[in-house]
file structure_29.txt (compact mmCIF, C-alpha atoms and all ligand atoms)
# COMPACT_ATOMS: atom_id res chain seq x y z
CA MET A 1 -50.59 44.91 17.27
CA ILE A 2 -47.17 46.13 18.31
CA ASN A 3 -45.78 46.55 21.80
CA GLN A 4 -45.52 50.34 21.93
CA GLU A 5 -43.11 50.36 24.84
CA LEU A 6 -40.61 48.16 22.99
CA LEU A 7 -41.18 50.11 19.78
CA LYS A 8 -40.17 53.27 21.61
CA ILE A 9 -37.07 51.63 23.09
CA GLY A 10 -36.12 50.10 19.73
CA LYS A 11 -36.50 53.35 17.82
CA GLY A 12 -34.89 55.44 20.53
CA ARG A 13 -31.39 56.56 19.61
CA THR A 14 -29.14 56.77 22.65
CA VAL A 15 -26.79 59.74 23.02
CA ILE A 16 -23.93 57.38 22.19
CA ARG A 17 -25.66 56.22 19.01
CA ARG A 18 -26.34 59.84 17.96
CA LEU A 19 -22.71 60.77 18.56
CA PHE A 20 -21.57 57.74 16.58
CA GLU A 21 -23.73 58.75 13.59
CA TYR A 22 -22.54 62.36 13.82
CA GLY A 23 -18.94 61.12 13.79
CA LYS A 24 -19.61 59.09 10.65
CA GLU A 25 -20.98 62.16 8.85
CA ARG A 26 -18.02 64.29 9.93
CA ARG A 27 -15.54 61.69 8.71
CA LYS A 28 -17.32 61.56 5.36
CA ALA A 29 -16.93 65.32 5.11
CA GLY A 30 -13.19 64.91 5.77
CA GLU A 31 -13.31 66.66 9.14
CA PRO A 32 -11.31 65.38 12.13
CA VAL A 33 -13.08 63.08 14.61
CA TYR A 34 -11.79 62.03 18.02
CA ASP A 35 -14.25 59.35 19.01
CA PHE A 36 -14.30 58.71 22.76
CA SER A 37 -17.95 57.74 22.85
CA LEU A 38 -18.06 53.94 22.90
CA GLY A 39 -16.56 51.32 25.21
CA ASN A 40 -15.41 49.31 22.21
CA PRO A 41 -11.81 48.30 22.97
CA ASN A 42 -9.36 49.34 20.28
CA VAL A 43 -6.60 47.47 22.12
CA GLN A 44 -5.96 44.04 20.61
CA PRO A 45 -6.97 40.88 22.52
CA PRO A 46 -4.13 39.06 24.30
CA ALA A 47 -2.12 36.96 21.79
CA CYS A 48 -3.46 33.71 23.20
CA VAL A 49 -6.97 34.55 21.94
CA ASN A 50 -6.15 34.53 18.24
CA GLU A 51 -3.77 31.57 18.68
CA ALA A 52 -6.52 29.58 20.43
CA LEU A 53 -9.04 30.60 17.78
CA ALA A 54 -6.80 29.32 14.96
CA ARG A 55 -6.01 26.07 16.79
CA ILE A 56 -9.65 25.40 17.73
CA ALA A 57 -10.72 25.97 14.11
CA THR A 58 -8.43 23.16 12.96
CA GLU A 59 -8.47 20.78 15.92
CA HIS A 60 -12.18 20.71 16.77
CA ARG A 61 -13.66 20.60 13.27
CA ASP A 62 -16.30 18.01 14.13
CA SER A 63 -17.74 19.98 17.03
CA LEU A 64 -16.88 23.52 16.03
CA HIS A 65 -20.40 24.86 15.57
CA GLU A 66 -22.42 22.55 17.80
CA TYR A 67 -25.04 23.36 20.43
CA THR A 68 -23.48 23.06 23.84
CA LEU A 69 -25.23 22.29 27.12
CA GLY A 70 -27.34 25.28 28.20
CA PRO A 71 -24.86 26.25 30.94
CA GLY A 72 -21.90 25.61 28.60
CA TYR A 73 -19.08 23.08 28.35
CA GLU A 74 -18.18 21.62 31.75
CA SER A 75 -14.48 21.92 30.92
CA THR A 76 -14.88 25.64 30.11
CA ARG A 77 -16.80 26.29 33.30
CA GLN A 78 -14.20 24.39 35.32
CA ALA A 79 -11.39 26.48 33.77
CA VAL A 80 -13.26 29.68 34.70
CA ALA A 81 -13.88 28.39 38.25
CA ASP A 82 -10.23 27.36 38.68
CA ASP A 83 -8.99 30.80 37.67
CA LEU A 84 -11.37 32.58 40.09
CA ASN A 85 -10.56 30.17 42.92
CA ARG A 86 -6.83 30.63 42.47
CA ARG A 87 -6.99 34.41 42.38
CA PHE A 88 -9.64 35.14 44.97
CA GLY A 89 -9.66 32.12 47.28
CA LEU A 90 -13.16 31.05 46.20
CA GLU A 91 -14.59 27.53 46.17
CA LEU A 92 -16.37 27.46 42.85
CA GLY A 93 -16.90 24.38 40.71
CA TYR A 94 -18.18 24.11 37.15
CA ALA A 95 -21.69 23.63 38.58
CA ASN A 96 -21.65 27.22 39.86
CA ILE A 97 -20.76 28.80 36.51
CA PHE A 98 -23.20 29.45 33.65
CA MET A 99 -21.71 30.62 30.34
CA THR A 100 -23.67 33.52 28.79
CA CYS A 101 -23.65 35.72 25.70
CA GLY A 102 -21.83 38.51 27.56
CA ALA A 103 -22.72 40.32 30.76
CA SER A 104 -26.00 41.82 29.50
CA PRO A 105 -28.00 38.55 29.31
CA GLY A 106 -26.46 37.47 32.62
CA LEU A 107 -27.69 40.63 34.31
CA ARG A 108 -31.08 40.44 32.65
CA ALA A 109 -31.44 36.78 33.74
CA ALA A 110 -30.33 37.57 37.31
CA PHE A 111 -33.04 40.24 37.63
CA GLU A 112 -35.58 37.78 36.23
CA ALA A 113 -34.48 34.89 38.46
CA LEU A 114 -34.84 37.05 41.57
CA ARG A 115 -38.23 38.57 40.81
CA GLU A 116 -41.10 36.90 42.63
CA ARG A 117 -43.65 39.69 43.14
CA LYS A 118 -44.46 42.85 41.23
CA GLU A 119 -43.46 44.89 44.28
CA ASP A 120 -39.88 43.61 44.13
CA GLU A 121 -37.17 46.24 43.90
CA ILE A 122 -33.57 46.13 42.77
CA VAL A 123 -31.37 48.88 44.14
CA ILE A 124 -28.78 50.44 41.82
CA LEU A 125 -25.74 52.26 43.16
CA SER A 126 -24.86 55.33 41.07
CA PRO A 127 -23.10 55.89 38.80
CA TYR A 128 -24.36 52.97 36.77
CA PHE A 129 -24.64 51.33 33.36
CA PRO A 130 -27.87 52.80 31.88
CA GLU A 131 -29.15 49.40 30.72
CA TYR A 132 -29.77 48.31 34.35
CA PRO A 133 -33.08 50.18 34.84
CA LEU A 134 -34.33 49.00 31.43
CA PHE A 135 -33.47 45.37 32.19
CA ILE A 136 -34.98 45.55 35.68
CA ASN A 137 -38.23 47.09 34.43
CA ASN A 138 -38.42 44.51 31.66
CA ALA A 139 -37.92 41.73 34.22
CA GLY A 140 -41.02 43.03 36.04
CA ALA A 141 -39.28 44.57 39.06
CA THR A 142 -38.68 48.21 40.00
CA PRO A 143 -35.26 49.87 39.79
CA ILE A 144 -34.41 52.11 42.74
CA ILE A 145 -31.52 54.43 41.99
CA VAL A 146 -29.29 55.53 44.85
CA PRO A 147 -27.44 58.76 44.06
CA CYS A 148 -23.70 58.91 44.61
CA LYS A 149 -21.67 61.59 46.39
CA ASP A 150 -20.40 64.63 44.46
CA ASP A 151 -17.07 62.89 43.81
CA LEU A 152 -18.94 59.89 42.30
CA THR A 153 -18.12 57.57 45.21
CA PRO A 154 -20.96 55.48 46.69
CA ASP A 155 -23.23 57.03 49.31
CA PHE A 156 -23.85 54.30 51.89
CA ASP A 157 -26.22 56.37 54.02
CA ALA A 158 -28.42 56.79 50.97
CA LEU A 159 -28.09 53.05 50.27
CA LYS A 160 -29.25 52.21 53.79
CA LYS A 161 -32.31 54.41 53.34
CA ALA A 162 -33.16 52.84 49.98
CA ILE A 163 -33.30 49.24 51.22
CA ASN A 164 -36.71 48.12 52.47
CA GLU A 165 -38.89 45.00 52.70
CA ASN A 166 -39.32 44.97 48.89
CA THR A 167 -35.60 45.03 48.12
CA LYS A 168 -34.39 41.80 46.55
CA ALA A 169 -30.90 42.81 45.54
CA VAL A 170 -28.36 45.60 45.21
CA ILE A 171 -26.35 45.89 42.03
CA VAL A 172 -22.78 47.15 42.18
CA ASN A 173 -20.18 47.78 39.48
CA SER A 174 -16.47 48.20 40.19
CA PRO A 175 -14.28 49.07 38.30
CA ASN A 176 -17.05 51.42 37.36
CA ASN A 177 -18.53 52.55 34.11
CA PRO A 178 -18.59 55.59 33.75
CA SER A 179 -16.39 56.84 36.62
CA GLY A 180 -13.41 54.46 36.44
CA ILE A 181 -13.58 54.30 40.24
CA VAL A 182 -12.42 51.01 41.81
CA TYR A 183 -13.83 50.19 45.24
CA ASP A 184 -10.95 49.86 47.69
CA GLU A 185 -11.02 47.44 50.61
CA LYS A 186 -12.52 49.98 53.00
CA THR A 187 -15.35 50.79 50.59
CA ARG A 188 -16.06 47.10 49.99
CA LYS A 189 -16.18 46.50 53.74
CA GLN A 190 -18.62 49.40 54.18
CA LEU A 191 -20.82 47.99 51.44
CA VAL A 192 -20.81 44.50 52.95
CA ALA A 193 -21.55 45.94 56.41
CA VAL A 194 -24.65 47.72 55.06
CA LEU A 195 -25.89 44.59 53.28
CA GLU A 196 -25.28 42.40 56.32
CA GLU A 197 -27.00 44.83 58.65
CA LYS A 198 -30.01 45.07 56.33
CA GLN A 199 -30.08 41.32 55.77
CA ALA A 200 -30.26 40.78 59.54
CA GLU A 201 -33.00 43.40 59.85
CA LEU A 202 -35.05 41.84 57.04
CA GLY A 203 -34.45 38.31 58.33
CA ARG A 204 -33.80 37.00 54.82
CA PRO A 205 -31.05 37.07 52.20
CA LEU A 206 -30.32 40.30 50.41
CA VAL A 207 -28.51 39.51 47.19
CA MET A 208 -25.54 41.45 45.85
CA ILE A 209 -25.46 41.34 42.05
CA THR A 210 -21.99 42.28 40.97
CA ASP A 211 -21.28 43.46 37.45
CA GLU A 212 -17.57 42.99 36.87
CA PRO A 213 -16.70 43.25 33.16
CA TYR A 214 -13.76 45.55 33.95
CA ARG A 215 -12.35 43.46 36.81
CA GLU A 216 -8.90 42.97 35.25
CA LEU A 217 -8.63 46.56 34.02
CA VAL A 218 -7.03 48.14 37.08
CA TYR A 219 -4.03 50.46 37.41
CA ASP A 220 -1.79 50.58 40.47
CA VAL A 221 -4.52 49.01 42.64
CA PRO A 222 -5.29 45.33 43.17
CA ASP A 223 -8.17 43.66 41.37
CA HIS A 224 -11.02 42.30 43.46
CA CYS A 225 -14.04 40.03 43.25
CA PHE A 226 -17.00 40.94 45.46
CA MET A 227 -17.90 37.27 45.88
CA ALA A 228 -14.91 36.86 48.16
CA ASP A 229 -16.47 39.37 50.58
CA TYR A 230 -20.15 38.39 50.65
CA ASP A 231 -21.90 35.03 50.44
CA ASN A 232 -25.23 35.96 48.82
CA THR A 233 -23.61 37.05 45.59
CA ILE A 234 -24.44 36.56 41.92
CA LEU A 235 -21.52 37.60 39.75
CA CYS A 236 -22.03 38.74 36.14
CA TYR A 237 -18.95 38.81 33.98
CA SER A 238 -18.05 39.51 30.38
CA TYR A 239 -14.99 38.96 28.20
CA SER A 240 -16.04 41.97 26.09
CA LYS A 241 -13.51 44.21 27.80
CA SER A 242 -10.87 41.98 29.41
CA LEU A 243 -10.23 39.99 26.21
CA SER A 244 -11.44 42.74 23.82
CA LEU A 245 -14.23 40.50 22.46
CA PRO A 246 -17.39 42.66 22.64
CA GLY A 247 -18.85 41.44 19.36
CA GLU A 248 -18.33 37.75 20.13
CA ARG A 249 -20.81 37.78 23.03
CA ILE A 250 -19.18 35.68 25.69
CA GLY A 251 -19.27 35.91 29.48
CA TYR A 252 -20.67 34.03 32.47
CA VAL A 253 -22.76 34.22 35.60
CA ALA A 254 -21.36 32.68 38.79
CA VAL A 255 -23.52 31.84 41.79
CA ASN A 256 -21.65 31.73 45.08
CA PRO A 257 -21.93 28.15 46.40
CA LYS A 258 -22.11 29.71 49.88
CA MET A 259 -25.26 31.59 48.93
CA GLN A 260 -28.51 30.52 50.54
CA ASN A 261 -30.32 28.15 48.10
CA ALA A 262 -27.38 28.42 45.70
CA GLU A 263 -28.36 25.44 43.60
CA ASP A 264 -31.96 26.62 43.12
CA MET A 265 -30.72 30.10 42.25
CA TYR A 266 -28.47 28.57 39.59
CA TRP A 267 -31.36 26.67 38.02
CA ALA A 268 -33.66 29.70 38.19
CA LEU A 269 -30.98 31.57 36.24
CA SER A 270 -30.87 28.70 33.81
CA GLY A 271 -34.66 28.93 33.42
CA ALA A 272 -34.44 32.69 32.85
CA ILE A 273 -31.74 32.29 30.18
CA ARG A 274 -33.88 29.68 28.45
CA MET A 275 -37.03 31.81 28.61
CA LEU A 276 -35.10 34.74 27.17
CA GLY A 277 -34.26 32.53 24.20
CA TYR A 278 -30.52 32.12 24.73
CA VAL A 279 -29.91 28.49 23.85
CA CYS A 280 -26.23 28.49 24.74
CA ALA A 281 -23.23 30.78 24.61
CA PRO A 282 -21.16 30.61 21.36
CA ALA A 283 -19.39 27.23 21.25
CA ILE A 284 -16.15 28.47 19.66
CA PHE A 285 -15.71 31.25 22.16
CA GLN A 286 -16.44 28.96 25.08
CA LYS A 287 -13.45 26.95 23.88
CA VAL A 288 -11.35 30.10 23.47
CA VAL A 289 -12.21 31.15 27.02
CA GLU A 290 -11.27 27.70 28.29
CA GLU A 291 -7.81 28.09 26.83
CA CYS A 292 -7.45 31.74 27.81
CA ALA A 293 -9.11 31.76 31.23
CA SER A 294 -5.99 33.18 32.83
CA ALA A 295 -5.13 35.64 30.02
CA ARG A 296 -5.05 39.31 30.93
CA PRO A 297 -5.62 42.52 28.91
CA ASN A 298 -2.82 44.76 27.70
CA ILE A 299 -2.99 46.86 30.82
CA GLU A 300 0.19 48.80 29.92
CA GLN A 301 -1.55 50.29 26.89
CA TYR A 302 -4.64 51.30 28.85
CA SER A 303 -2.51 52.66 31.66
CA LYS A 304 -0.48 54.74 29.17
CA ASN A 305 -3.73 56.11 27.71
CA ARG A 306 -5.08 56.95 31.14
CA ASN A 307 -1.92 58.75 32.23
CA LEU A 308 -1.65 60.67 28.98
CA LEU A 309 -5.30 61.77 28.93
CA HIS A 310 -5.58 62.55 32.63
CA GLY A 311 -2.25 64.41 32.62
CA GLU A 312 -3.15 66.53 29.59
CA LEU A 313 -6.71 67.33 30.67
CA THR A 314 -5.66 68.47 34.14
CA ARG A 315 -2.78 70.48 32.62
CA ILE A 316 -5.32 72.26 30.40
CA GLY A 317 -7.41 73.05 33.50
CA PHE A 318 -10.25 70.52 33.41
CA GLU A 319 -11.45 68.94 36.65
CA CYS A 320 -11.44 65.15 36.29
CA VAL A 321 -11.96 62.04 38.39
CA LYS A 322 -8.70 60.09 38.12
CA PRO A 323 -9.70 56.56 37.15
CA ASP A 324 -8.10 53.57 38.88
CA GLY A 325 -9.74 51.13 36.52
CA ALA A 326 -11.95 50.41 33.49
CA PHE A 327 -11.19 52.67 30.52
CA TYR A 328 -13.38 55.67 31.20
CA LEU A 329 -12.58 59.07 32.58
CA CYS A 330 -15.18 61.49 33.93
CA LEU A 331 -14.68 65.18 33.33
CA LYS A 332 -16.67 67.66 35.38
CA ALA A 333 -18.72 70.38 33.68
CA LYS A 334 -17.87 73.58 35.57
CA ASP A 335 -21.45 74.83 35.47
CA GLY A 336 -22.95 71.34 35.84
CA ASN A 337 -24.17 71.40 32.23
CA SER A 338 -22.72 68.19 30.80
CA VAL A 339 -24.88 68.40 27.65
CA ARG A 340 -23.32 71.74 26.79
CA VAL A 341 -19.80 70.34 27.22
CA SER A 342 -20.66 67.41 24.95
CA ASP A 343 -22.30 69.73 22.37
CA VAL A 344 -19.39 72.20 22.23
CA ALA A 345 -16.93 69.28 22.09
CA LYS A 346 -18.88 67.72 19.21
CA LYS A 347 -18.38 70.81 17.08
CA LEU A 348 -14.62 70.34 17.56
CA GLY A 349 -14.87 66.69 16.55
CA ILE A 350 -14.52 65.38 20.14
CA LEU A 351 -17.21 62.78 20.84
CA ILE A 352 -17.83 62.49 24.59
CA VAL A 353 -20.97 61.39 26.40
CA PRO A 354 -22.99 63.37 28.99
CA CYS A 355 -23.29 61.15 32.08
CA ASP A 356 -26.61 62.31 33.50
CA GLU A 357 -28.19 59.06 32.25
CA PHE A 358 -25.47 57.16 34.12
CA GLY A 359 -26.39 58.82 37.42
CA ALA A 360 -23.30 61.05 37.29
CA LYS A 361 -25.00 64.38 36.78
CA GLY A 362 -22.77 67.19 35.55
CA PHE A 363 -20.03 64.91 34.20
CA VAL A 364 -19.10 63.76 30.70
CA ARG A 365 -17.53 60.37 30.00
CA ILE A 366 -14.43 59.93 27.88
CA ALA A 367 -13.83 56.32 26.78
CA TYR A 368 -10.05 56.06 26.30
CA CYS A 369 -9.98 52.51 24.92
CA VAL A 370 -8.72 54.14 21.71
CA LYS A 371 -5.38 54.34 19.90
CA GLU A 372 -2.78 56.42 21.74
CA GLU A 373 -2.47 58.63 18.61
CA THR A 374 -6.17 59.55 18.88
CA ILE A 375 -5.56 60.93 22.37
CA LYS A 376 -2.39 62.77 21.28
CA GLU A 377 -4.08 64.26 18.21
CA SER A 378 -7.15 65.33 20.22
CA ILE A 379 -5.25 67.48 22.74
CA PRO A 380 -5.33 70.76 20.73
CA ALA A 381 -9.10 70.25 20.31
CA PHE A 382 -9.46 69.77 24.10
CA GLU A 383 -7.44 73.00 24.59
CA LYS A 384 -9.87 74.80 22.29
CA LEU A 385 -12.80 73.22 24.17
CA TYR A 386 -11.52 74.59 27.46
CA GLU A 387 -11.18 78.03 25.90
CA LEU A 388 -14.71 77.97 24.45
CA LEU A 389 -16.25 76.75 27.70
CA ASN A 390 -14.54 79.44 29.71
CA GLU A 391 -14.90 82.49 27.48
N1 LIG A 401 -21.92 46.25 32.48
C1 LIG A 401 -21.17 47.34 32.28
C2 LIG A 401 -20.78 48.16 33.47
C3 LIG A 401 -20.76 47.68 31.00
O1 LIG A 401 -20.03 48.79 30.83
C4 LIG A 401 -21.15 46.87 29.91
C5 LIG A 401 -20.76 47.22 28.54
O2 LIG A 401 -20.25 48.26 28.23
C6 LIG A 401 -21.92 45.74 30.17
C7 LIG A 401 -22.30 45.46 31.46
C8 LIG A 401 -22.39 44.85 29.06
O3 LIG A 401 -21.38 44.06 28.61
P1 LIG A 401 -21.59 42.95 27.48
O4 LIG A 401 -20.96 43.49 26.24
O5 LIG A 401 -20.84 41.78 27.94
O6 LIG A 401 -23.03 42.66 27.36

call {"tool": "encode", "arguments": {"input": "structure_29.txt", "output": "structure tokens"}}
result
Amino acid sequence: MINQELLKIGKGRTVIRRLFEYGKERRKAGEPVYDFSLGNPNVQPPACVNEALARIATEHRDSLHEYTLGPGYESTRQAVADDLNRRFGLELGYANIFMTCGASPGLRAAFEALRERKEDEIVILSPYFPEYPLFINNAGATPIIVPCKDDLTPDFDALKKAINENTKAVIVNSPNNPSGIVYDEKTRKQLVAVLEEKQAELGRPLVMITDEPYRELVYDVPDHCFMADYDNTILCYSYSKSLSLPGERIGYVAVNPKMQNAEDMYWALSGAIRMLGYVCAPAIFQKVVEECASARPNIEQYSKNRNLLHGELTRIGFECVKPDGAFYLCLKAKDGNSVRVSDVAKKLGILIVPCDEFGAKGFVRIAYCVKEETIKESIPAFEKLYELLNE
């Protein structure tokens, strides 16, 4: 009577969920908790978000809670397109943008829209967001995971080997969750070269699905949009991180107008979104996005957090990957046992996530989208952690 596979997924408690529940119990018992487990931004949205929200609530009373067109308001989509065009030299119009309930449904719909045969494969570059393989399997395709190098940078030789006649697309994520790595120009060129070479070999388009919810969260390096580098691109975006709106469920998918069969791809995405039961993205937050399309996160706060955490952890003696973007930092387990690091840390009240499930074996992820005080207060506990791990 019940789909056992979904039952298992639904009942399954992720490591993050288990840590979250443990933290709740500890707090109840009055013990200190330094929660670095979730990518739930504690930094406030840019001021324009709450201003727009208040104005929209009074000015648009008649249409505040209405259904919108499936792809969203044309004016919202045009505002999104204008911002991308201005920043990255693209040629998008509203007809290339589809508003979604965050990046997750956009990704899920992209996998669905691309799948034609049961043999179809989607290649995932490690490290990666652990929902990708679930979404790909559920869309009826097969996820193929390409391991990264030891320093968590992409391994393009391994990517070349992974692409074959069944490969429909390659999914990339930069700034990256969990590593915080931002692909520089050279890396992006290498990636595009592999895709172009393989595309020529296959004699058909090879799609790049780009997952860019952290695009604006970059420190000391320029932001980038993969669509500017490669024509056959589907871009999945979310305002969960850049505008600190994870619970409001707002984002978009953009199809590059230069992509082969771009219009059909757009409507296949539209069909997938409909079949998945998403009628439209939230009307109020479409309007907020329209007004705040060019707003940026409080990067100073994130940058301060990154510098503080990275500086302190390396001073203590931990080996870390210095993040150039997103709000995650990967710390290396000396003996490769990330679960042990997370378990010992947990007993000290530090909630950090083993990254083996993210394709970053032997690392733990620290989400520093928290209050600066949390980082400052956690430092003695990290000192103790280092001691315990090295005794
Ligand atoms: N992609 C990556 C890399 C993420 O880290 C997340 C959320 O943490 C998502 C996608 C999903 O974002 P959304 O909240 O918009 O569904």

call {"tool": "residues_near_ligand", "arguments": {"input": "structure_29.txt", "ligand": "ligand LIG 401 (chain A)", "cutoff": "6 Å", "atoms": "only C-alpha atoms and all ligand atoms", "output": "ChimeraX atom specification"}}
result
/A:39,102-104,129,177,211,238,240,246

call {"tool": "closest_atom_pairs", "arguments": {"input": "structure_29.txt", "of": "range 40-149 of chain A", "to": "range 363-372 of chain A", "cutoff": "9 Å", "atoms": "all atoms listed in the file", "output": "tab-separated table"}}
result
residue	atom	partner	partner_atom	distance
A:Asn40	CA	A:Cys369	CA	6.9
A:Pro41	CA	A:Cys369	CA	5.0
A:Asn42	CA	A:Val370	CA	5.0
A:Val43	CA	A:Cys369	CA	6.7

call {"tool": "residues_around", "arguments": {"input": "structure_29.txt", "residues": "Phe135 in chain A", "least_positions_apart": "6", "cutoff": "10 Å", "atoms": "only C-alpha atoms", "output": "tab-separated table (two decimals) with C-alpha atoms, in the frame of the given file"}}
result
chain	number	residue	atom	x	y	z
A	104	SER	CA	-26.00	41.82	29.50
A	105	PRO	CA	-28.00	38.55	29.31
A	107	LEU	CA	-27.69	40.63	34.31
A	108	ARG	CA	-31.08	40.44	32.65
A	109	ALA	CA	-31.44	36.78	33.74
A	110	ALA	CA	-30.33	37.57	37.31
A	111	PHE	CA	-33.04	40.24	37.63
A	112	GLU	CA	-35.58	37.78	36.23
A	141	ALA	CA	-39.28	44.57	39.06
A	142	THR	CA	-38.68	48.21	40.00
A	143	PRO	CA	-35.26	49.87	39.79

call {"tool": "closest_residue", "arguments": {"input": "structure_29.txt", "among": "A:Leu92, A:Met99, A:Leu351, A:Leu152", "to": "Arg249 in chain A", "atoms": "all atoms listed in the file"}}
result
A:Met99

call {"tool": "atom_distance", "arguments": {"input": "structure_29.txt", "atom1": "CA of Gln260 in chain A", "atom2": "CA of Gly70 in chain A"}}
result
23.0 Å

call {"tool": "closest_residue", "arguments": {"input": "structure_29.txt", "among": "A:Ala228, A:Ala326, A:Cys320, A:Ala47", "to": "Gly362 in chain A", "atoms": "only C-alpha atoms"}}
result
A:Cys320

call {"tool": "residues_near_point", "arguments": {"input": "structure_29.txt", "point": "(-4.4, 74.5, 33.4)", "cutoff": "12 Å", "atoms": "all atoms listed in the file", "output": "list in words"}}
result
Gly311, Glu312, Leu313, Thr314, Arg315, Ile316, Gly317, Phe318, Glu319, Phe382, Glu383, Tyr386, Glu387 and Asn390 of chain A

call {"tool": "write_last_selection", "arguments": {"input": "structure_29.txt", "atoms": "C-alpha atoms", "output": "PDB file, in the coordinates of the input"}}
result
ATOM      1  CA  GLY A 311      -2.250  64.410  32.620  1.00  0.00           C
ATOM      2  CA  GLU A 312      -3.150  66.530  29.590  1.00  0.00           C
ATOM      3  CA  LEU A 313      -6.710  67.330  30.670  1.00  0.00           C
ATOM      4  CA  THR A 314      -5.660  68.470  34.140  1.00  0.00           C
ATOM      5  CA  ARG A 315      -2.780  70.480  32.620  1.00  0.00           C
ATOM      6  CA  ILE A 316      -5.320  72.260  30.400  1.00  0.00           C
ATOM      7  CA  GLY A 317      -7.410  73.050  33.500  1.00  0.00           C
ATOM      8  CA  PHE A 318     -10.250  70.520  33.410  1.00  0.00           C
ATOM      9  CA  GLU A 319     -11.450  68.940  36.650  1.00  0.00           C
ATOM     10  CA  PHE A 382      -9.460  69.770  24.100  1.00  0.00           C
ATOM     11  CA  GLU A 383      -7.440  73.000  24.590  1.00  0.00           C
ATOM     12  CA  TYR A 386     -11.520  74.590  27.460  1.00  0.00           C
ATOM     13  CA  GLU A 387     -11.180  78.030  25.900  1.00  0.00           C
ATOM     14  CA  ASN A 390     -14.540  79.440  29.710  1.00  0.00           C
TER      15      ASN A 390
END

call {"tool": "atom_distance", "arguments": {"input": "structure_29.txt", "atom1": "CA of Cys280 in chain A", "atom2": "CA of Leu69 in chain A"}}
result
6.7 Å

call {"tool": "closest_residue", "arguments": {"input": "structure_29.txt", "among": "A:Leu217, A:Leu389, A:Met259, A:Val146", "to": "Val182 in chain A", "atoms": "all atoms listed in the file"}}
result
A:Leu217

call {"tool": "residues_around", "arguments": {"input": "structure_29.txt", "residues": "Leu195 in chain A", "least_positions_apart": "4", "cutoff": "8 Å", "atoms": "only C-alpha atoms", "output": "MDAnalysis selection string"}}
result
chainID A and resid 191 199 206

call {"tool": "residues_around", "arguments": {"input": "structure_29.txt", "residues": "range 162-166 of chain A", "least_positions_apart": "5", "cutoff": "10 Å", "atoms": "all atoms listed in the file", "output": "count of residues only"}}
result
24

call {"tool": "residues_around", "arguments": {"input": "structure_29.txt", "residues": "range 23-29 of chain A", "least_positions_apart": "5", "cutoff": "9 Å", "atoms": "all atoms listed in the file", "output": "list in words"}}
result
Arg18, Tyr34, Asp35, Lys346, Gly349, Ile350 and Leu351 of chain A

call {"tool": "write_last_selection", "arguments": {"input": "structure_29.txt", "atoms": "C-alpha atoms", "output": "compact mmCIF listing (two decimals), in the frame of the given file"}}
result
# COMPACT_ATOMS: atom_id res chain seq x y z
CA ARG A 18 -26.34 59.84 17.96
CA TYR A 34 -11.79 62.03 18.02
CA ASP A 35 -14.25 59.35 19.01
CA LYS A 346 -18.88 67.72 19.21
CA GLY A 349 -14.87 66.69 16.55
CA ILE A 350 -14.52 65.38 20.14
CA LEU A 351 -17.21 62.78 20.84

call {"tool": "residues_near_point", "arguments": {"input": "structure_29.txt", "point": "(-28.9, 26.9, 38.4)", "cutoff": "12 Å", "atoms": "only C-alpha atoms", "output": "VMD selection string"}}
result
chain A and resid 70 to 71 94 to 99 109 to 110 113 234 253 to 257 261 to 274

call {"tool": "axis_aligned_box", "arguments": {"input": "structure_29.txt", "around": "range 74-85 of chain A", "padding_each_side": "8 Å", "output": "AutoDock Vina command-line options"}}
result
--center_x -13.6 --center_y 27.1 --center_z 36.5 --size_x 25.2 --size_y 27.0 --size_z 28.8

call {"tool": "atom_distance", "arguments": {"input": "structure_29.txt", "atom1": "CA of Val221 in chain A", "atom2": "CA of Leu84 in chain A"}}
result
18.0 Å

call {"tool": "closest_atom_pairs", "arguments": {"input": "structure_29.txt", "of": "range 26-135 of chain A", "to": "range 172-176 of chain A", "cutoff": "8 Å", "atoms": "only C-alpha atoms", "output": "tab-separated table"}}
result
residue	atom	partner	partner_atom	distance
A:Ile124	CA	A:Val172	CA	6.9
A:Leu125	CA	A:Val172	CA	6.0
A:Pro127	CA	A:Asn176	CA	7.7
A:Tyr128	CA	A:Asn173	CA	7.2

call {"tool": "closest_residue", "arguments": {"input": "structure_29.txt", "among": "A:Gly10, A:Gly93, A:Pro205, A:Pro147", "to": "Lys160 in chain A", "atoms": "all atoms listed in the file"}}
result
A:Pro147

call {"tool": "closest_residue", "arguments": {"input": "structure_29.txt", "among": "A:Tyr219, A:Tyr230, A:Tyr278, A:Tyr239", "to": "Gly72 in chain A", "atoms": "all atoms listed in the file"}}
result
A:Tyr278

call {"tool": "residues_around", "arguments": {"input": "structure_29.txt", "residues": "Ala293 in chain A", "least_positions_apart": "4", "cutoff": "7 Å", "atoms": "all atoms listed in the file", "output": "PyMOL selection string"}}
result
chain A and resi 79-80+83+289
